[in-house]
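Comments concern the structure below.
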Amino acid sequence: MRRTALMRAAVAPLLAAALGLAPVGVLASAQATTPLVTAAPADDATDRDRPVRIDVGRFEPRAVTPGALVTVTGTLTNTGGSTISDLGVRLQRGKVLTTRDELAAVGRDPDPATTVLPSFQAVPGVLAPGGELDFSYTVGADALQLDRDGVYPVLLNVNGTVDGDQQRRVGELPTFLVQQPVVPASRTAVGWLWPLTERTHRSPSGMFVNDGLADAIAPDGRLDRALAVIERLPASTAPGGTGTVPVLPVTLAIDPALVEELTLMAAGPYAVDGVEAAGRGTEAAATFLRRMAAVAAVHPVAALPYGDVDADSLVAAGLSGVVARSLPGSPEGTAQDPLPDNKNGADATFPPADATGAVPSGTGGDIAAGARILADALDVQPRTDLAWAADGTLRPETMLALQAGGVDRVVLGSAALTDGETAVGLSGNRAVAHTTVTTASGPVEALVADPTLSAIVGAAEQSAGGPRMAEQRYLAELAVLGLQAPAGTEQTVLVAPPRNVEAGPEGAGAMMADSAGLPWLRPSGPDELFGGPATPAGNLAAGVAAGLDPAGMADVAAAVAVREDLAGAVVGDADAALQAYDAAIARATSVAWRTDTVGFRGAAHALRSALDRLRSRVTLLAPADGTYSLGSSNAPLVLTVRNDLPIAVQVRLEVETRGTRGLSIADIGTQTLAPGQRTTLQVPTQVRQSGGFAVTAQLTTPSGGPLGHRISLQVKSTAYGSISLIITLGAAVLLGLLFLRRLVNLVRRRRRTTAAPEQGAPEGTSGVHPPNRSPV
């Protein structure tokens with residue numbers, strides 16, 4: 001309804017002229033000189049309540065020339081609870097501005113715009129609560145007394161009577177009028193870097209946790225509108241009729257993870273939050289990819305790091321390896337999440353291994369994964385040597401990490417450099433976007449993106465008064481750059497909106513078109529700006545923007561530590577084998593999470609859990625009853641290991657005994673486990689005594705990280721160990737000696753008894769003598 005009303009208001013004067021009721025210029029002049037409503041003498045603005053919202057559909061001309069007519073059309077909406085009548089509107093102006101510093105000061109302390117106060121013009125009708133009224137207002141530039149070139153703060157002032165009370169100001173909307181020389185003394189070249197990024201909607205395993213991307217690419221979704229901005233820019237036929245070239249070149253900064261996600265959706269039915277075929281964006285994703293390919297064929301493309309990682313936060317946490325694996329121009333840039341292969345049941349989390357289970361080197365091809373994703377999906381060779389700093393700032397150590405990954409050009413904000421305000425015309429009288437940044441690894445070419453212009457574009461859809469008012473502020477910023485510059489010079493600026501830009505053709509698209517439609521502007525692009533003159537803008541500033549939440553980064557650091565530990569166990573190319581997990585780490589550390597602490601913590605925790613689960617896919621299997629028997633003193637301890645990964649891994653076995661020295665277990669060194677199989681490990685033992693022994697066993701990576709669960713088992717042995725054997729033999733010998741001694745004594749006693757003569761005994765008596773003591 002609102003947009004329809006704005007369109008009606010915009011075409012009403014043209015229809016009146018077409019019907020012969022009155023020429024547009026005559027009608028406007030009459031309205032400007034003969035007001036139908038007179039304001040209260042003091043334009044009562046003491047009541048700060050402004051119940052009328054003003055939405056502007058037309059504000060012309062974009063740049064005023066002497067004698068021109070200023071036309072404003074739009075809609076008034078009553079957001080209060082009282083009826084408003086006797087409505088009148090006027091455009092009043094403040095003091096002229098001719099430098100960017102003056103314009104910035106007005107942004108901090110708004111001009112009340114009371115230098116020239118034309119008469120109010122009536123708006124027929126009454127505004128009931130929640131009601132709307134279209135309005136049209138025209139005033140001559142002469143009536144506004146625009147007596148010199150410059151930028152004029154203006155206020156669209158709406159007066160009315162609330163519930164029959166005294167007339168007062170009920171609505172206001174500040175903006176700017178721009179008056180430029182008929183023949184500009186200088187021009188400004190405007191380059192654009194346009195983001196096509198989206199925070200991930202996938203879990204660390206690569207599955208969709210929601211269908212938010214389908215909403216973003218649906219008609220009037222955020223990404224749909226962002227792409228429509230570029231689609232509606234004019235293009236011309238290339239020489240020789242070999243294609244089209246952009247009239248307004250815009251460099252597209254595209255996240256490979258977004259394109260990969262769209263490719264997954266377009267491949268066919270996809271699950272959402274574990275529900276098979278619940279995704280509703282298959283057709284929309286295929287269409288959106290075709291649209292992206294079409295604009296990529298016309299406009300240059302720069303590949304962002306996979307997942308648009310927060311390089312500053314990662315480097316500050318000591319995780320430079322994550323940055324390197326996400327860069328699109330680095331040989332180490334392997335992060336990607338392969339499309340699932342449902343035909344053969346293979347685990348798509350890992351690339352195909354060879355016959356031995358090893359992951360061959362070079363499975364990713366000759367170019368980095370991010371560049372290859374864009375090349376395959378969009379049929380374009382993207383630029384991979386350009387880094388665009390999130391929020392405009394980079395740490396010196398981050399710059400070094402980017403340089404090591406093949407980056408030799410960066411886009412920064414003015415706050416990133418000690419003299420950055422010079423580059424955007426806030427200090428001095430020239431704006432030159434191109435500069436050079438000195439680092440320990442050598443100089444880096446840089447473009448300084450204008451933070452004010454970029455913010456205006458990024459918030460155009462939410463600007464008070466609508467996108468047309470954002471465009472007018474954009475033009476005001478560019479106008480003062482030309483007005484303050486020496487005659488005959490050209491200023492250069494780069495506009496780089498926020499990654500999550502909320503803009504459409506009505507706002508950002510119109511701003512882009514202005515550079516080709518206004519004589520004091522001209523379209524340019526990052527490539528041309530890099531080739532233009534450079535001006536010193538200082539060194540990297542010490543202050544940095546806020547990064548990712550520290551609590552979430554702690555989980556990320558733990559997950560990366562697991563990843564590095566597991567990499568040492570992989571047989572073959574570890575980076576190729578773990579590319580999907582590297583992709584998950586990159587998606588979980590996107591700059592998009594900076595504004596969502598709770599969401600980031602959840603993503604980081606899920607990432608850590610996923611890496612911990614990966615450890616459990618290689619584990620020892622405990623005996624069914626928890627016991628194991630050894631049949632001899634040197635019988636091996638046989639343990640079963642299961643490797644559920646589709647790749648071969650190297651492991652070590654740690655076995656410990658508790659509370660006894662009767663059992664010795666040898667170290668079997670590093671063992672290689674075949675993919676997807678159970679392996680039997682025979683561990684040499686030495687038993688020194690029989691009995692039961694409490695034993696614990698744990699698989700580890702070669703560097704000592706645990707794999708699977710630690711198992712406990714009871715080892716029993718009935719065999720004699722060396723000590724037991726010595727004791728047993730000693731006891732047998734002793735027993736034999738004791739038996740022999742007793743036998744000898746027995747024999748000797750018998751011999752004495754039977755062989756002794758019975759001398760002195762009477763004949764016929766025995767040798768038995770009566771006791772020498774009475775038994776009584």
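Letters for chains follow the order of the structure tokens (A, B, ...), residue numbers begin at 1 for each chain, and ligand numbers begin at 1 in the order shown.
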
For region 99-112 of chain A, work out the shell of residues within 7 Å, counting only C-alpha atoms and skipping chain neighbours fewer than 3 positions away, then give it as a compact mmCIF listing (two decimals) with N, CA and C atoms, in the first residue's frame.
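After the write, result.txt holds the following:
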# COMPACT_ATOMS: atom_id res chain seq x y z
N GLY A 94 18.79 25.29 5.73
CA GLY A 94 19.77 25.84 6.65
C GLY A 94 20.94 26.44 5.90
N PRO A 153 21.48 21.84 4.09
CA PRO A 153 20.58 21.05 4.95
C PRO A 153 19.15 21.58 4.82
N GLY A 425 38.85 12.29 2.32
CA GLY A 425 38.53 13.71 2.22
C GLY A 425 38.03 14.37 3.47
N LEU A 426 38.13 13.70 4.61
CA LEU A 426 37.74 14.34 5.88
C LEU A 426 38.86 15.20 6.44
N GLU A 477 27.22 13.80 0.23
CA GLU A 477 28.59 13.46 0.59
C GLU A 477 29.52 13.58 -0.61
N VAL A 480 30.17 17.48 -1.72
CA VAL A 480 31.15 18.29 -1.00
C VAL A 480 32.59 17.86 -1.32
N LEU A 481 32.78 16.59 -1.70
CA LEU A 481 34.12 16.17 -2.10
C LEU A 481 34.59 16.96 -3.32
N LEU A 483 33.32 19.90 -4.32
CA LEU A 483 33.33 21.34 -4.04
C LEU A 483 34.60 21.75 -3.29
N GLN A 484 35.12 20.89 -2.44
CA GLN A 484 36.29 21.27 -1.66
C GLN A 484 37.60 21.01 -2.39

Could you name the residues that touch Val323 (chain A) at 9 Å or less, counting only C-alpha atoms, but leaving out those on the same chain fewer than 4 positions away, as a PyMOL selection string? chain A and resi 305+309-311+314-315+319+327+333+401-402+405+586

For Pro523 (chain A), work out the shell of residues within 7 Å, counting only C-alpha atoms and skipping chain neighbours fewer than 6 positions away, then give it as an MDAnalysis selection string. chainID A and resid 189:191 248 515:516

Output N, CA, C and O atoms for every residue in that selection, as a PDB file, in the first residue's frame.
ATOM      1  N   ALA A 189      35.330  10.027  -9.133  1.00  0.00           N
ATOM      2  CA  ALA A 189      35.188   8.667  -9.658  1.00  0.00           C
ATOM      3  C   ALA A 189      34.746   7.759  -8.523  1.00  0.00           C
ATOM      4  O   ALA A 189      35.374   7.734  -7.466  1.00  0.00           O
ATOM      5  N   VAL A 190      33.684   7.014  -8.762  1.00  0.00           N
ATOM      6  CA  VAL A 190      33.081   6.181  -7.719  1.00  0.00           C
ATOM      7  C   VAL A 190      33.202   4.716  -8.113  1.00  0.00           C
ATOM      8  O   VAL A 190      32.696   4.300  -9.159  1.00  0.00           O
ATOM      9  N   GLY A 191      33.882   3.946  -7.282  1.00  0.00           N
ATOM     10  CA  GLY A 191      33.983   2.503  -7.481  1.00  0.00           C
ATOM     11  C   GLY A 191      33.138   1.769  -6.447  1.00  0.00           C
ATOM     12  O   GLY A 191      32.892   2.280  -5.354  1.00  0.00           O
ATOM     13  N   LEU A 248      28.322   0.480 -15.735  1.00  0.00           N
ATOM     14  CA  LEU A 248      28.668   0.755 -14.346  1.00  0.00           C
ATOM     15  C   LEU A 248      29.352  -0.490 -13.771  1.00  0.00           C
ATOM     16  O   LEU A 248      28.685  -1.396 -13.271  1.00  0.00           O
ATOM     17  N   SER A 515      26.271   7.724 -10.601  1.00  0.00           N
ATOM     18  CA  SER A 515      27.641   7.987 -11.040  1.00  0.00           C
ATOM     19  C   SER A 515      27.756   8.080 -12.554  1.00  0.00           C
ATOM     20  O   SER A 515      28.714   8.650 -13.071  1.00  0.00           O
ATOM     21  N   ALA A 516      26.778   7.527 -13.276  1.00  0.00           N
ATOM     22  CA  ALA A 516      26.776   7.641 -14.730  1.00  0.00           C
ATOM     23  C   ALA A 516      25.815   8.718 -15.216  1.00  0.00           C
ATOM     24  O   ALA A 516      25.894   9.144 -16.367  1.00  0.00           O
TER      25      ALA A 516
END

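Residues lying within 10 Å of Gly212 (chain A), counting only C-alpha atoms and ignoring same-chain neighbours fewer than 4 positions away, are Glu198, Arg199, Thr200, His201, Arg202, Phe208, Ala216, Ile217, Ala218, Gly279 and Gly281 of chain A.
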
Which of region 393-581 of chain A end up as helix (DSSP H, G or I) when DSSP is run on this backbone - answer as number ranges by chain? A: 396-404, 414-416, 420-423, 451-458, 460-462, 467-484, 505-517, 526-531, 550-567, 574-577, 579-581

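For region 48-59 of chain A, the list of residues within 6 Å, based on only C-alpha atoms and with local chain neighbours fewer than 4 positions off taken out, reads A:Leu6, A:Ala10, A:Thr71, A:Val72, A:Thr73, A:Gly74, A:Thr75, A:Leu76, A:Thr77, A:Asn78, A:Thr79, A:Gly80, A:Val170, A:Gly171, A:Gly465, A:Gly466.
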
The selected residues should be written to file as a compact mmCIF listing (two decimals), in the first residue's frame (atoms: N, CA, C and O atoms).
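Output contents, as saved in result.txt:
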# COMPACT_ATOMS: atom_id res chain seq x y z
N LEU A 6 3.13 5.95 -2.90
CA LEU A 6 4.26 6.75 -3.33
C LEU A 6 4.28 6.90 -4.84
O LEU A 6 4.56 7.98 -5.38
N ALA A 10 3.97 10.31 -7.07
CA ALA A 10 5.02 10.68 -8.00
C ALA A 10 4.48 11.01 -9.38
O ALA A 10 4.98 11.91 -10.05
N THR A 71 10.75 19.34 -6.32
CA THR A 71 9.49 18.62 -6.17
C THR A 71 9.67 17.47 -5.19
O THR A 71 10.62 16.69 -5.28
N VAL A 72 8.74 17.39 -4.24
CA VAL A 72 8.75 16.32 -3.26
C VAL A 72 7.36 15.69 -3.22
O VAL A 72 6.36 16.40 -3.06
N THR A 73 7.30 14.37 -3.41
CA THR A 73 6.03 13.66 -3.27
C THR A 73 6.25 12.47 -2.35
O THR A 73 7.36 11.95 -2.22
N GLY A 74 5.17 12.06 -1.72
CA GLY A 74 5.28 10.93 -0.83
C GLY A 74 4.01 10.66 -0.07
O GLY A 74 2.91 11.01 -0.53
N THR A 75 4.14 10.08 1.10
CA THR A 75 3.00 9.67 1.91
C THR A 75 3.21 10.10 3.35
O THR A 75 4.31 9.98 3.89
N LEU A 76 2.13 10.60 3.95
CA LEU A 76 2.11 10.92 5.37
C LEU A 76 1.32 9.83 6.08
O LEU A 76 0.20 9.49 5.66
N THR A 77 1.86 9.29 7.16
CA THR A 77 1.21 8.23 7.92
C THR A 77 1.08 8.65 9.37
O THR A 77 2.07 9.07 9.99
N ASN A 78 -0.13 8.54 9.90
CA ASN A 78 -0.38 8.89 11.30
C ASN A 78 -0.07 7.67 12.16
O ASN A 78 -0.82 6.69 12.17
N THR A 79 1.03 7.73 12.90
CA THR A 79 1.41 6.62 13.78
C THR A 79 0.90 6.79 15.20
O THR A 79 1.16 5.94 16.05
N GLY A 80 0.18 7.91 15.47
CA GLY A 80 -0.33 8.17 16.80
C GLY A 80 -1.75 7.70 16.98
O GLY A 80 -2.34 7.01 16.12
N VAL A 170 4.02 18.29 13.52
CA VAL A 170 3.63 16.90 13.77
C VAL A 170 4.52 15.90 13.05
O VAL A 170 4.43 14.69 13.30
N GLY A 171 5.35 16.39 12.15
CA GLY A 171 6.26 15.50 11.43
C GLY A 171 7.41 16.29 10.84
O GLY A 171 7.26 17.47 10.50
N GLY A 465 12.39 8.16 5.89
CA GLY A 465 11.93 8.72 4.64
C GLY A 465 12.04 7.80 3.45
O GLY A 465 11.48 8.07 2.40
N GLY A 466 12.79 6.69 3.59
CA GLY A 466 12.90 5.73 2.51
C GLY A 466 14.21 5.82 1.76
O GLY A 466 15.05 6.69 2.00

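Taking only C-alpha atoms into account, Asp312 (chain A) lies nearest to A:Thr589 out of the set A:Ser427, A:Thr589, A:Asn634, A:Thr680.
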
Do you know which residues are at most 9 Å from region 295-298 of chain A counting only C-alpha atoms, after dropping those on the same chain fewer than 5 positions away, and could you put them as a ChimeraX atom specification? /A:227,230-231,235,243-246,249,252,290,378-380

For the residues in that selection, give me N, CA and C atoms as a short mmCIF file (atom, residue, chain, number, x, y, z; two decimals), in the first residue's frame.
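Dumped to again02.cif:
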data_model
loop_
_atom_site.label_atom_id
_atom_site.label_comp_id
_atom_site.auth_asym_id
_atom_site.auth_seq_id
_atom_site.Cartn_x
_atom_site.Cartn_y
_atom_site.Cartn_z
N LEU A 227 20.98 -8.98 -5.40
CA LEU A 227 21.35 -9.37 -6.76
C LEU A 227 20.60 -8.54 -7.79
N ILE A 230 22.31 -5.37 -9.05
CA ILE A 230 23.32 -5.52 -10.11
C ILE A 230 22.65 -5.86 -11.44
N GLU A 231 21.62 -6.68 -11.39
CA GLU A 231 20.95 -7.09 -12.62
C GLU A 231 20.36 -5.91 -13.38
N ALA A 235 24.07 -2.15 -19.21
CA ALA A 235 25.25 -2.75 -19.84
C ALA A 235 25.20 -2.44 -21.31
N GLY A 243 29.84 -9.93 -26.59
CA GLY A 243 29.24 -10.02 -25.27
C GLY A 243 28.82 -8.64 -24.79
N THR A 244 28.65 -8.51 -23.49
CA THR A 244 28.25 -7.23 -22.93
C THR A 244 29.32 -6.76 -21.95
N VAL A 245 29.42 -5.46 -21.83
CA VAL A 245 30.34 -4.85 -20.87
C VAL A 245 29.53 -3.92 -19.99
N PRO A 246 29.89 -3.78 -18.73
CA PRO A 246 29.09 -2.95 -17.84
C PRO A 246 29.33 -1.46 -18.08
N PRO A 249 30.67 -0.58 -13.87
CA PRO A 249 31.34 -1.79 -13.37
C PRO A 249 31.27 -1.87 -11.85
N LEU A 252 31.94 -7.83 -7.70
CA LEU A 252 31.12 -8.67 -6.83
C LEU A 252 32.04 -9.46 -5.89
N ARG A 290 21.76 -19.32 -11.70
CA ARG A 290 21.79 -18.86 -13.09
C ARG A 290 21.87 -17.33 -13.13
N LEU A 378 29.72 -20.80 -11.46
CA LEU A 378 29.39 -19.54 -12.14
C LEU A 378 30.13 -19.37 -13.46
N ASP A 379 30.97 -20.33 -13.81
CA ASP A 379 31.72 -20.26 -15.06
C ASP A 379 32.52 -18.95 -15.15
N VAL A 380 33.28 -18.67 -14.10
CA VAL A 380 34.05 -17.44 -14.04
C VAL A 380 35.37 -17.73 -13.33
#

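The environment of Val89 (chain A) within 9 Å, counting only C-alpha atoms and disregarding residues fewer than 2 places along the same chain, consists of Val37, Leu87, Leu91, Ser119, Phe120, Gln121, Ala122, Val123, Phe135, Ser136, Tyr137, Leu156, Asn157, Val158, Asn159 and Gly160 of chain A.
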
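Comparing A:Leu264, A:Leu213, A:Ala404, A:Val501 by their smallest distance to Leu196 (chain A), the closest is A:Val501 (using only C-alpha atoms).
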
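Distance check against Pro181 (chain A) using only C-alpha atoms: of A:Val448, A:Ala284, A:Ala316, A:Ala487, the minimum falls on A:Ala487.
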
When DSSP works through the backbone of this structure, what residues of region 593-717 of chain A end up as strand (DSSP E or B), shown as a VMD selection string? chain A and resid 618 to 621 627 to 630 637 to 643 649 to 658 663 to 665 671 to 673 677 to 683 685 to 687 691 to 700 706 to 717
